[in-house]
file upload.json (JSON, C-alpha atoms)
[["chain", "number", "residue", "atom", "x", "y", "z"],
["Q", 1, "MET", "CA", -14.19, -20.02, -34.98],
["Q", 2, "LYS", "CA", -15.63, -16.77, -33.54],
["Q", 3, "SER", "CA", -15.57, -18.27, -30.07],
["Q", 4, "MET", "CA", -11.90, -19.17, -30.44],
["Q", 5, "ILE", "CA", -10.97, -15.67, -31.61],
["Q", 6, "VAL", "CA", -12.92, -14.08, -28.76],
["Q", 7, "SER", "CA", -11.25, -16.42, -26.25],
["Q", 8, "MET", "CA", -7.78, -15.63, -27.60],
["Q", 9, "THR", "CA", -8.50, -11.90, -27.54],
["Q", 10, "VAL", "CA", -9.73, -12.04, -23.95],
["Q", 11, "ALA", "CA", -6.73, -14.13, -22.86],
["Q", 12, "ALA", "CA", -4.31, -11.72, -24.54],
["Q", 13, "GLY", "CA", -6.03, -8.76, -22.91],
["Q", 14, "LEU", "CA", -5.80, -10.35, -19.47],
["Q", 15, "MET", "CA", -2.11, -11.13, -19.95],
["Q", 16, "VAL", "CA", -1.39, -7.54, -20.98],
["Q", 17, "ALA", "CA", -3.45, -6.12, -18.10],
["Q", 18, "GLY", "CA", -1.78, -8.45, -15.60],
["Q", 19, "SER", "CA", 1.72, -7.63, -16.76],
["Q", 20, "ALA", "CA", 0.92, -3.90, -16.87],
["Q", 21, "MET", "CA", -0.28, -3.99, -13.26],
["Q", 22, "ALA", "CA", 2.84, -5.92, -12.22],
["Q", 23, "THR", "CA", 5.12, -3.40, -13.92],
["Q", 24, "ASP", "CA", 3.27, -0.52, -12.26],
["Q", 25, "MET", "CA", 4.58, -1.62, -8.85],
["Q", 26, "PRO", "CA", 7.34, 0.86, -7.99],
["Q", 27, "PRO", "CA", 10.91, -0.49, -7.86],
["Q", 28, "ALA", "CA", 11.15, 0.60, -4.21],
["Q", 29, "ALA", "CA", 8.30, -1.81, -3.37],
["Q", 30, "LYS", "CA", 10.15, -4.73, -4.87],
["Q", 31, "LYS", "CA", 13.49, -3.66, -3.36],
["Q", 32, "ASN", "CA", 12.03, -3.40, 0.14],
["Q", 33, "GLY", "CA", 9.96, -6.59, 0.07],
["Q", 34, "CYS", "CA", 6.52, -4.92, 0.05],
["Q", 35, "THR", "CA", 5.31, -7.29, -2.63],
["Q", 36, "ALA", "CA", 5.50, -10.22, -0.21],
["Q", 37, "CYS", "CA", 2.42, -8.87, 1.60],
["Q", 38, "HIS", "CA", 0.85, -6.32, -0.76],
["Q", 39, "ALA", "CA", -0.41, -6.01, -4.32],
["Q", 40, "ILE", "CA", -1.85, -2.98, -6.01],
["Q", 41, "ASP", "CA", -5.25, -4.42, -6.78],
["Q", 42, "LYS", "CA", -5.85, -7.38, -4.45],
["Q", 43, "LYS", "CA", -5.43, -8.36, -0.81],
["Q", 44, "VAL", "CA", -2.45, -10.61, -0.17],
["Q", 45, "VAL", "CA", -1.49, -10.72, 3.52],
["Q", 46, "GLY", "CA", -2.02, -7.00, 3.88],
["Q", 47, "PRO", "CA", -4.61, -4.85, 2.13],
["Q", 48, "ALA", "CA", -4.54, -4.01, -1.57],
["Q", 49, "TRP", "CA", -2.88, -0.65, -2.03],
["Q", 50, "MET", "CA", -5.90, 0.60, -3.97],
["Q", 51, "ASP", "CA", -8.03, -0.13, -0.88],
["Q", 52, "VAL", "CA", -5.58, 1.85, 1.26],
["Q", 53, "ALA", "CA", -5.82, 4.76, -1.17],
["Q", 54, "LYS", "CA", -9.63, 4.66, -1.03],
["Q", 55, "LYS", "CA", -9.64, 4.53, 2.78],
["Q", 56, "TYR", "CA", -7.50, 7.65, 3.10],
["Q", 57, "LYS", "CA", -8.88, 9.62, 0.14],
["Q", 58, "GLY", "CA", -9.58, 13.15, 1.34],
["Q", 59, "ALA", "CA", -7.90, 12.55, 4.71],
["Q", 60, "THR", "CA", -5.32, 15.03, 5.92],
["Q", 61, "THR", "CA", -4.22, 13.35, 9.14],
["Q", 62, "TYR", "CA", -3.43, 9.88, 10.45],
["Q", 63, "LYS", "CA", -3.44, 8.72, 14.06],
["Q", 64, "PHE", "CA", -0.45, 6.47, 14.75],
["Q", 65, "SER", "CA", 0.36, 4.06, 17.52],
["Q", 66, "SER", "CA", 2.08, 0.72, 17.10],
["Q", 67, "LYS", "CA", -0.98, -0.64, 18.93],
["Q", 68, "GLY", "CA", -3.36, 0.72, 16.27],
["Q", 69, "SER", "CA", -4.87, 4.08, 15.40],
["Q", 70, "GLU", "CA", -7.62, 3.67, 18.02],
["Q", 71, "ALA", "CA", -5.17, 3.01, 20.88],
["Q", 72, "ALA", "CA", -5.17, 5.46, 23.79],
["Q", 73, "ASP", "CA", -1.57, 6.49, 23.04],
["Q", 74, "ALA", "CA", -2.22, 7.21, 19.32],
["Q", 75, "LYS", "CA", -1.07, 10.65, 18.21],
["Q", 76, "GLU", "CA", -2.29, 12.59, 15.20],
["Q", 77, "TYR", "CA", 0.17, 13.39, 12.39],
["Q", 78, "PRO", "CA", -0.09, 14.83, 8.89],
["Q", 79, "LEU", "CA", -1.30, 11.98, 6.65],
["Q", 80, "VAL", "CA", 1.92, 11.17, 4.77],
["Q", 81, "GLU", "CA", 4.06, 11.46, 7.91],
["Q", 82, "GLY", "CA", 1.70, 9.24, 9.91],
["Q", 83, "LEU", "CA", 1.51, 6.57, 7.22],
["Q", 84, "MET", "CA", 5.30, 6.65, 6.89],
["Q", 85, "MET", "CA", 5.50, 5.94, 10.62],
["Q", 86, "LYS", "CA", 3.10, 3.01, 10.20],
["Q", 87, "VAL", "CA", 5.24, 1.53, 7.41],
["Q", 88, "SER", "CA", 8.50, 2.22, 9.24],
["Q", 89, "LYS", "CA", 7.55, 1.07, 12.74],
["Q", 90, "GLY", "CA", 4.77, -1.39, 11.94],
["Q", 91, "GLY", "CA", 1.63, -1.84, 13.95],
["Q", 92, "LYS", "CA", -1.73, -3.54, 14.07],
["Q", 93, "GLY", "CA", -5.43, -2.96, 14.22],
["Q", 94, "ASN", "CA", -6.04, -0.95, 11.06],
["Q", 95, "TRP", "CA", -6.76, -3.77, 8.60],
["Q", 96, "GLY", "CA", -7.81, -6.74, 10.69],
["Q", 97, "SER", "CA", -5.78, -9.11, 12.78],
["Q", 98, "ALA", "CA", -2.62, -9.23, 10.64],
["Q", 99, "ALA", "CA", 0.04, -6.87, 11.96],
["Q", 100, "MET", "CA", 2.30, -4.87, 9.70],
["Q", 101, "VAL", "CA", 5.90, -5.70, 10.47],
["Q", 102, "PRO", "CA", 8.35, -2.83, 10.99],
["Q", 103, "ASN", "CA", 10.07, -2.05, 7.69],
["Q", 104, "ASP", "CA", 12.52, 0.64, 8.79],
["Q", 105, "PRO", "CA", 12.94, 0.72, 12.57],
["Q", 106, "ALA", "CA", 16.36, 2.37, 12.16],
["Q", 107, "GLY", "CA", 14.97, 5.13, 9.90],
["Q", 108, "LYS", "CA", 17.36, 4.51, 6.99],
["Q", 109, "LYS", "CA", 14.78, 4.01, 4.21],
["Q", 110, "GLN", "CA", 12.63, 7.10, 4.67],
["Q", 111, "ALA", "CA", 13.00, 8.33, 1.07],
["Q", 112, "ASP", "CA", 11.77, 4.96, -0.26],
["Q", 113, "ILE", "CA", 8.93, 4.85, 2.25],
["Q", 114, "LYS", "CA", 7.79, 8.37, 1.41],
["Q", 115, "GLU", "CA", 7.84, 7.51, -2.31],
["Q", 116, "LEU", "CA", 5.73, 4.40, -1.65],
["Q", 117, "VAL", "CA", 3.22, 6.16, 0.62],
["Q", 118, "GLU", "CA", 2.73, 8.92, -1.96],
["Q", 119, "PHE", "CA", 2.39, 6.32, -4.73],
["Q", 120, "ILE", "CA", -0.25, 4.43, -2.74],
["Q", 121, "LEU", "CA", -2.24, 7.54, -1.89],
["Q", 122, "GLY", "CA", -2.13, 8.55, -5.57],
["Q", 123, "LEU", "CA", -3.84, 5.32, -6.68],
["Q", 124, "ASP", "CA", -7.32, 6.72, -5.94],
["Q", 125, "LYS", "CA", -7.10, 9.89, -8.01]]

call {"tool": "encode", "arguments": {"input": "upload.json", "output": "structure tokens"}}
result
Amino acid sequence: MKSMIVSMTVAAGLMVAGSAMATDMPPAAKKNGCTACHAIDKKVVGPAWMDVAKKYKGATTYKFSSKGSEAADAKEYPLVEGLMMKVSKGGKGNWGSAAMVPNDPAGKKQADIKELVEFILGLDK
């Protein structure tokens, strides 16, 4: 009987935690298709957003090139601006072989992208 109660309690806790994490994803992420490649707490196609937050914790700048941050033509930008460029224009080389597809090449979703970048960076506080 104790084992059954413990199992039910654990299962209920996992369901609540899972649904809480899913509801924590900002509406802009769902609206713009980010959830197809990213999750907050686990790698999907792209990195977990918590891992991104940890990588850039304390950083103030970001080097951007669509060829990767280590490319010869990479330029340094303030962190949020540089990461917005990465999301908008896409690129490769920062998280393995999978490239990030451009999400706003025309520059029409910048408010959403800024909201998402700031949300992601705030995950490691």

call {"tool": "closest_residue", "arguments": {"input": "upload.json", "among": "Q:Asp51, Q:Glu115, Q:Glu76, Q:Asp124", "to": "Trp95 (chain Q)", "atoms": "only C-alpha atoms"}}
result
Q:Asp51

call {"tool": "closest_residue", "arguments": {"input": "upload.json", "among": "Q:Gly46, Q:Gly33, Q:Gly107, Q:Pro26", "to": "Asn94 (chain Q)", "atoms": "only C-alpha atoms"}}
result
Q:Gly46

call {"tool": "atom_distance", "arguments": {"input": "upload.json", "atom1": "CA of Val44 (chain Q)", "atom2": "CA of Lys63 (chain Q)"}}
result
24.0 Å

call {"tool": "closest_residue", "arguments": {"input": "upload.json", "among": "Q:Ala48, Q:Met84, Q:Ile40, Q:Met25", "to": "Thr61 (chain Q)", "atoms": "all atoms listed in the file"}}
result
Q:Met84

call {"tool": "atom_distance", "arguments": {"input": "upload.json", "atom1": "CA of Leu79 (chain Q)", "atom2": "CA of Tyr62 (chain Q)"}}
result
4.8 Å

call {"tool": "closest_residue", "arguments": {"input": "upload.json", "among": "Q:His38, Q:Lys30, Q:Lys89, Q:Lys55", "to": "Asp112 (chain Q)", "atoms": "only C-alpha atoms"}}
result
Q:Lys30

call {"tool": "residues_around", "arguments": {"input": "upload.json", "residues": "Met85 (chain Q)", "least_positions_apart": "3", "cutoff": "10 Å", "atoms": "only C-alpha atoms", "output": "number ranges by chain"}}
result
Q: 62-66, 77, 79-82, 88-91, 102-105, 107, 110, 113-114

call {"tool": "build_atoms", "arguments": {"input": "upload.json", "residues": "region 98-113 of chain Q", "atoms": "N, CA, C and O atoms", "output": "compact mmCIF listing (two decimals), keeping the file's coordinate frame"}}
result
# COMPACT_ATOMS: atom_id res chain seq x y z
N ALA Q 98 -4.01 -9.14 11.08
CA ALA Q 98 -2.62 -9.23 10.64
C ALA Q 98 -1.89 -7.93 10.96
O ALA Q 98 -2.36 -6.84 10.64
N ALA Q 99 -0.76 -8.05 11.62
CA ALA Q 99 0.04 -6.87 11.96
C ALA Q 99 1.00 -6.55 10.83
O ALA Q 99 1.48 -7.44 10.13
N MET Q 100 1.28 -5.28 10.65
CA MET Q 100 2.30 -4.87 9.70
C MET Q 100 3.63 -4.89 10.42
O MET Q 100 3.78 -4.27 11.48
N VAL Q 101 4.58 -5.61 9.86
CA VAL Q 101 5.90 -5.70 10.47
C VAL Q 101 6.65 -4.39 10.27
O VAL Q 101 6.43 -3.68 9.28
N PRO Q 102 7.54 -4.04 11.19
CA PRO Q 102 8.35 -2.83 10.99
C PRO Q 102 9.24 -3.00 9.75
O PRO Q 102 9.85 -4.04 9.56
N ASN Q 103 9.28 -2.00 8.91
CA ASN Q 103 10.07 -2.05 7.69
C ASN Q 103 11.29 -1.14 7.72
O ASN Q 103 12.13 -1.22 6.84
N ASP Q 104 11.38 -0.28 8.71
CA ASP Q 104 12.52 0.64 8.79
C ASP Q 104 12.69 1.15 10.21
O ASP Q 104 12.68 2.35 10.45
N PRO Q 105 12.84 0.26 11.19
CA PRO Q 105 12.94 0.72 12.57
C PRO Q 105 14.14 1.64 12.82
O PRO Q 105 14.11 2.48 13.70
N ALA Q 106 15.18 1.52 11.99
CA ALA Q 106 16.36 2.37 12.16
C ALA Q 106 16.24 3.69 11.41
O ALA Q 106 17.09 4.57 11.56
N GLY Q 107 15.19 3.87 10.60
CA GLY Q 107 14.97 5.13 9.90
C GLY Q 107 15.91 5.38 8.73
O GLY Q 107 16.16 6.53 8.38
N LYS Q 108 16.40 4.33 8.09
CA LYS Q 108 17.36 4.51 6.99
C LYS Q 108 16.73 4.44 5.60
O LYS Q 108 17.41 4.64 4.61
N LYS Q 109 15.44 4.15 5.51
CA LYS Q 109 14.78 4.01 4.21
C LYS Q 109 13.66 5.03 4.02
O LYS Q 109 12.72 4.80 3.28
N GLN Q 110 13.74 6.15 4.68
CA GLN Q 110 12.63 7.10 4.67
C GLN Q 110 12.30 7.65 3.29
O GLN Q 110 11.13 7.87 2.98
N ALA Q 111 13.29 7.83 2.42
CA ALA Q 111 13.00 8.33 1.07
C ALA Q 111 12.17 7.31 0.30
O ALA Q 111 11.19 7.67 -0.37
N ASP Q 112 12.54 6.02 0.40
CA ASP Q 112 11.77 4.96 -0.26
C ASP Q 112 10.36 4.90 0.30
O ASP Q 112 9.39 4.76 -0.44
N ILE Q 113 10.24 4.97 1.61
CA ILE Q 113 8.93 4.85 2.25
C ILE Q 113 8.03 6.02 1.86
O ILE Q 113 6.86 5.84 1.55
